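Peer 1: Sending over target07.cif (mmCIF, C-alpha atoms).
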```
data_structure
loop_
_atom_site.label_atom_id
_atom_site.label_comp_id
_atom_site.auth_asym_id
_atom_site.auth_seq_id
_atom_site.Cartn_x
_atom_site.Cartn_y
_atom_site.Cartn_z
CA MET Y 1 109.91 76.64 94.86
CA ASN Y 2 108.47 78.81 97.61
CA GLU Y 3 110.09 81.86 96.07
CA LYS Y 4 108.49 81.22 92.68
CA ILE Y 5 105.04 80.96 94.26
CA GLY Y 6 105.83 84.12 96.22
CA ILE Y 7 106.72 86.04 93.06
CA PHE Y 8 103.47 84.82 91.48
CA PHE Y 9 101.44 86.15 94.44
CA ILE Y 10 103.30 89.46 94.44
CA ILE Y 11 102.69 90.06 90.74
CA ILE Y 12 98.98 89.27 91.14
CA GLY Y 13 98.87 91.74 94.02
CA LEU Y 14 100.59 94.43 91.96
CA GLY Y 15 98.00 93.98 89.21
CA PHE Y 16 95.14 94.35 91.69
CA ASP Y 17 96.73 97.47 93.20
CA PHE Y 18 97.28 99.06 89.80
CA PHE Y 19 93.73 98.53 88.58
CA GLY Y 20 92.30 99.68 91.89
CA CYS Y 21 94.16 102.96 91.67
CA LEU Y 22 93.12 103.30 88.03
CA GLY Y 23 89.53 103.01 89.23
CA LEU Y 24 90.26 105.70 91.81
CA ILE Y 25 91.07 108.03 88.92
CA ARG Y 26 88.57 106.98 86.26
CA LEU Y 27 85.25 106.41 88.03
CA PRO Y 28 82.75 109.26 88.23
CA ASP Y 29 81.52 109.32 91.84
CA VAL Y 30 82.74 109.21 95.44
CA TYR Y 31 80.91 105.96 96.16
CA ASN Y 32 82.10 104.26 92.97
CA ARG Y 33 85.67 105.29 93.69
CA LEU Y 34 85.42 104.05 97.26
CA GLN Y 35 84.03 100.71 96.12
CA ALA Y 36 86.66 100.11 93.44
CA ALA Y 37 89.67 101.35 95.33
CA THR Y 38 89.01 99.78 98.73
CA LYS Y 39 88.26 96.27 97.56
CA CYS Y 40 90.99 96.03 94.94
CA VAL Y 41 93.74 97.63 97.02
CA THR Y 42 92.91 95.57 100.12
CA LEU Y 43 93.05 92.29 98.23
CA GLY Y 44 96.20 93.34 96.35
CA THR Y 45 98.10 94.34 99.47
CA CYS Y 46 97.04 91.14 101.24
CA SER Y 47 98.36 89.16 98.29
CA ILE Y 48 101.69 91.03 98.41
CA LEU Y 49 102.02 90.35 102.13
CA PHE Y 50 101.22 86.67 101.61
CA GLY Y 51 103.96 86.53 98.98
CA LEU Y 52 106.35 88.08 101.50
CA PHE Y 53 105.33 85.37 104.00
CA LEU Y 54 106.09 82.69 101.40
CA PHE Y 55 109.51 84.26 100.83
CA LYS Y 56 110.52 84.50 104.45
CA GLY Y 57 108.78 81.53 106.09
CA PHE Y 58 108.23 81.52 109.84
CA THR Y 59 110.73 84.23 110.70
CA ALA Y 60 109.94 87.51 112.44
CA MET Y 61 109.19 89.22 109.13
CA GLY Y 62 106.83 86.51 107.88
CA ILE Y 63 104.79 86.45 111.08
CA LYS Y 64 104.55 90.24 111.01
CA ALA Y 65 103.25 89.93 107.45
CA ILE Y 66 100.51 87.54 108.61
CA LEU Y 67 99.60 89.99 111.39
CA CYS Y 68 99.39 92.78 108.80
CA ILE Y 69 97.02 90.68 106.66
CA ILE Y 70 94.68 90.13 109.62
CA PHE Y 71 94.84 93.82 110.56
CA ILE Y 72 94.04 95.01 107.03
CA ILE Y 73 91.17 92.57 106.55
CA LEU Y 74 89.64 93.73 109.83
CA THR Y 75 90.11 97.48 109.44
CA ALA Y 76 89.71 98.35 105.75
CA PRO Y 77 85.94 97.57 105.56
CA VAL Y 78 85.36 99.51 108.79
CA SER Y 79 87.03 102.64 107.48
CA ALA Y 80 85.31 102.32 104.10
CA HIS Y 81 81.91 102.01 105.76
CA ALA Y 82 82.57 105.03 107.97
CA LEU Y 83 83.70 107.05 104.97
CA ALA Y 84 80.65 106.18 102.88
CA ARG Y 85 78.32 107.08 105.75
CA GLY Y 86 80.15 110.33 106.41
CA ALA Y 87 80.10 111.31 102.75
CA HIS Y 88 76.37 110.59 102.48
CA LYS Y 89 75.61 112.58 105.61
CA SER Y 90 77.72 115.53 104.50
CA GLY Y 91 75.57 115.81 101.37
CA VAL Y 92 77.74 114.52 98.55
CA LYS Y 93 75.43 113.85 95.63
CA LEU Y 94 75.32 110.58 93.74
CA TRP Y 95 76.18 110.28 90.07
CA GLU Y 96 73.23 111.33 87.89
CA LYS Y 97 72.97 107.87 86.28
CA SER Y 98 72.78 106.06 89.63
CA VAL Y 99 69.79 103.75 89.88
CA CYS Y 100 68.71 103.82 93.53
CA ASP Y 101 69.63 105.27 96.92
CA LYS Y 102 68.37 102.98 99.67
CA TYR Y 103 70.01 104.88 102.52
CA ALA Y 104 68.12 108.10 101.76
CA GLU Y 105 64.87 106.12 101.50
CA ASP Y 106 65.51 104.54 104.88
CA LYS Y 107 66.12 107.86 106.58
CA LYS Y 108 62.70 109.25 105.59
CA MET K 109 82.54 101.24 69.71
CA LYS K 110 82.43 101.73 73.45
CA ARG K 111 83.57 98.17 74.10
CA LEU K 112 86.38 98.57 71.57
CA ARG K 113 87.64 101.64 73.42
CA TRP K 114 87.39 99.73 76.72
CA LEU K 115 89.41 96.84 75.26
CA ILE K 116 92.09 99.15 73.84
CA GLY K 117 92.42 100.86 77.21
CA LEU K 118 92.79 97.51 79.00
CA ILE K 119 95.52 96.41 76.56
CA ILE K 120 97.40 99.70 76.96
CA ASN K 121 97.31 99.37 80.75
CA ILE K 122 98.59 95.80 80.67
CA ILE K 123 101.41 96.94 78.35
CA ILE K 124 102.34 99.70 80.80
CA LEU K 125 102.47 97.15 83.65
CA GLY K 126 104.60 94.78 81.60
CA VAL K 127 107.03 97.49 80.54
CA ILE K 128 107.52 98.61 84.12
CA ILE K 129 108.04 95.10 85.47
CA LEU K 130 109.92 93.38 82.65
CA CYS K 131 111.92 95.85 80.55
CA PRO K 132 115.49 96.69 81.55
CA ILE K 133 115.82 100.32 82.50
CA PRO K 134 118.88 101.92 84.07
CA SER K 135 118.61 101.79 87.83
CA LEU K 136 120.14 103.80 90.62
CA LEU K 137 121.17 101.09 93.06
CA GLU K 138 122.44 97.58 92.52
CA TRP K 139 119.48 95.62 93.83
CA GLN K 140 117.06 97.59 91.70
CA SER K 141 118.25 95.93 88.50
CA LEU K 142 116.67 92.52 89.20
CA LEU K 143 113.20 91.54 88.05
CA LEU K 144 111.08 91.43 91.17
CA LYS K 145 113.09 94.08 92.89
CA ARG K 146 111.97 96.74 90.44
CA SER K 147 108.28 95.93 90.75
CA PHE K 148 107.79 98.51 93.48
CA LEU K 149 107.77 101.09 90.69
CA VAL K 150 104.19 99.95 90.00
CA LEU K 151 103.28 100.89 93.56
CA PHE K 152 105.03 104.22 93.05
CA LEU K 153 102.79 104.83 90.02
CA CYS K 154 99.72 103.94 92.12
CA GLY K 155 100.85 106.45 94.74
CA VAL K 156 101.11 109.12 92.06
CA PHE K 157 97.51 108.33 91.03
CA CYS K 158 96.39 108.74 94.64
CA LEU K 159 98.20 112.07 94.96
CA TRP K 160 96.52 113.25 91.75
CA ARG K 161 93.13 112.42 93.24
CA ILE K 162 94.08 114.25 96.45
CA MET K 163 94.92 117.34 94.40
CA ARG K 164 91.95 117.29 92.02
CA GLY K 165 89.16 115.78 94.13
CA PRO K 166 86.00 117.88 93.76
CA THR K 167 84.71 117.14 97.27
CA PRO K 168 86.50 116.59 100.60
CA ALA K 169 85.24 112.98 100.68
CA ASP K 170 87.30 112.18 97.56
CA ARG K 171 90.44 113.40 99.26
CA VAL K 172 89.80 111.34 102.37
CA VAL K 173 89.24 108.22 100.25
CA ALA K 174 92.53 108.82 98.45
CA ILE K 175 94.38 109.27 101.76
CA ASP K 176 92.95 105.99 103.05
CA ILE K 177 94.04 104.13 99.92
CA LEU K 178 97.51 105.69 100.06
CA GLY K 179 97.99 104.33 103.58
CA ILE K 180 97.24 100.77 102.48
CA LEU K 181 99.48 101.14 99.42
CA ILE K 182 102.44 102.23 101.51
CA LEU K 183 102.10 99.08 103.62
CA GLY K 184 102.54 97.01 100.46
CA PHE K 185 105.41 99.26 99.39
CA CYS K 186 107.26 98.63 102.65
CA ALA K 187 106.59 94.89 102.39
CA ILE K 188 108.10 94.68 98.89
CA LEU K 189 111.03 96.88 99.87
CA GLY K 190 111.86 94.47 102.68
CA ILE K 191 112.61 91.53 100.37
CA PRO K 192 115.66 92.66 98.33
CA THR K 193 117.28 94.74 101.03
CA GLY K 194 116.82 92.08 103.72
CA ARG K 195 116.03 94.57 106.47
CA ASP K 196 113.39 93.58 108.97
CA TRP K 197 112.29 97.03 110.04
CA TYR K 198 110.59 98.08 106.81
CA ILE K 199 107.53 96.00 107.72
CA ASP K 200 107.50 97.68 111.15
CA ILE K 201 107.19 101.04 109.41
CA GLY K 202 104.36 99.56 107.39
CA ILE K 203 102.47 98.39 110.49
CA ALA K 204 102.80 101.77 112.17
CA TRP K 205 101.68 103.58 109.01
CA ALA K 206 98.61 101.34 108.61
CA LEU K 207 97.55 101.89 112.24
CA GLN K 208 97.88 105.64 111.98
CA SER K 209 96.10 105.69 108.63
CA PHE K 210 93.15 103.74 110.05
CA ILE K 211 92.75 106.06 113.03
CA SER K 212 93.08 109.22 110.96
CA THR K 213 90.54 107.91 108.43
CA LEU K 214 88.00 107.27 111.19
CA ALA K 215 88.59 110.75 112.62
CA LEU K 216 88.19 112.40 109.21
CA ALA K 217 85.01 110.41 108.52
CA LYS K 218 83.55 111.63 111.78
CA TYR K 219 84.57 115.16 110.84
CA LEU K 220 82.77 114.78 107.51
CA GLU K 221 79.58 113.80 109.30
CA GLY K 222 79.63 117.12 111.09
CA ARG K 223 79.74 115.83 114.65
CA ASN K 224 82.08 116.64 117.48
CA PHE K 225 84.94 114.32 118.24
CA ASP K 226 83.91 113.58 121.83
CA GLU K 227 80.36 112.45 121.11
#
```
Represent the structure of the file as structure tokens.

Peer 2:
Amino acid sequence: MNEKIGIFFIIIGLGFDFFGCLGLIRLPDVYNRLQAATKCVTLGTCSILFGLFLFKGFTAMGIKAILCIIFIILTAPVSAHALARGAHKSGVKLWEKSVCDKYAEDKK
Amino acid sequence: MKRLRWLIGLIINIIILGVIILCPIPSLLEWQSLLLKRSFLVLFLCGVFCLWRIMRGPTPADRVVAIDILGILILGFCAILGIPTGRDWYIDIGIAWALQSFISTLALAKYLEGRNFDE
């Protein structure tokens, strides 16, 4: 029973990963790509690791999977935020159909 | 018309996912022939997408984003690879890769800002 639920979680995670990477290719702008790819791939990989935990139970591998989930949830938003700030400061322009740019307004 | 194209694209992508996961293709090793055990090919396809963005990215920020995403993907790749083979140390490789990817992403973001590393 645990293995069936684990397979379910892993397939959901694979779907999230696939569509996140598709967004990395298809979207027009650095910020759009960052938004799509980071959120989707983080959630997808966490789901895969949770499926691995359901497979293995409380063995060494399962507990390492839980540690990996905590690590990813803590670090992926930090790196995404640093990247967006760095890209904005290095002068990457927004897409021409973007509506507003609050960060540039704040800096004035 | 635009929504029709969007819908057709979504259906084609779901078909690609289903073909990779469900259809029987000849496999190299024995454990690759089972259903779940072949699903890491989807992650391989995602890695190819990331490498394409690293090659074609118009600005350096695009490339750094793709490198960050590739690091997280490889953690999932190692996690899936640990199930059918039954080896414990694949997830260790994943942990080490994620740590190094996080630190290198922070360093590259600071480099993009145009500051020195010791500030």

Peer 1: Apply the PyMOL selection byres ((chain Y) within 9 of (chain K)) to the displayed file and report the matching residues as a ChimeraX atom specification.

Peer 2: /Y:7,10-11,14-15,17-22,24-25,29-30,33-34,37-38,41-42,44-46,48-49,52,55-56,60-61,64-65,67-68,71-72,75-76,78-80,82-90,92

Peer 1: Could you jot down the atom CA of Y:Glu3 to atom CA of K:Ile123 separation for me, Å, one decimal place?

Peer 2: 24.8 Å

Peer 1: Please measure the separation of atom CA of K:Leu189 and atom CA of Y:Leu74, giving the value in Å to one decimal.

Peer 2: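 Computing the Euclidean distance for atom CA of K:Leu189 and atom CA of Y:Leu74 yields 23.8 Å.
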
Peer 1: Distance atom CA of K:Leu115-atom CA of Y:Gly23, one decimal place?

Peer 2: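 For atom CA of K:Leu115 relative to atom CA of Y:Gly23, the distance reads 15.3 Å.
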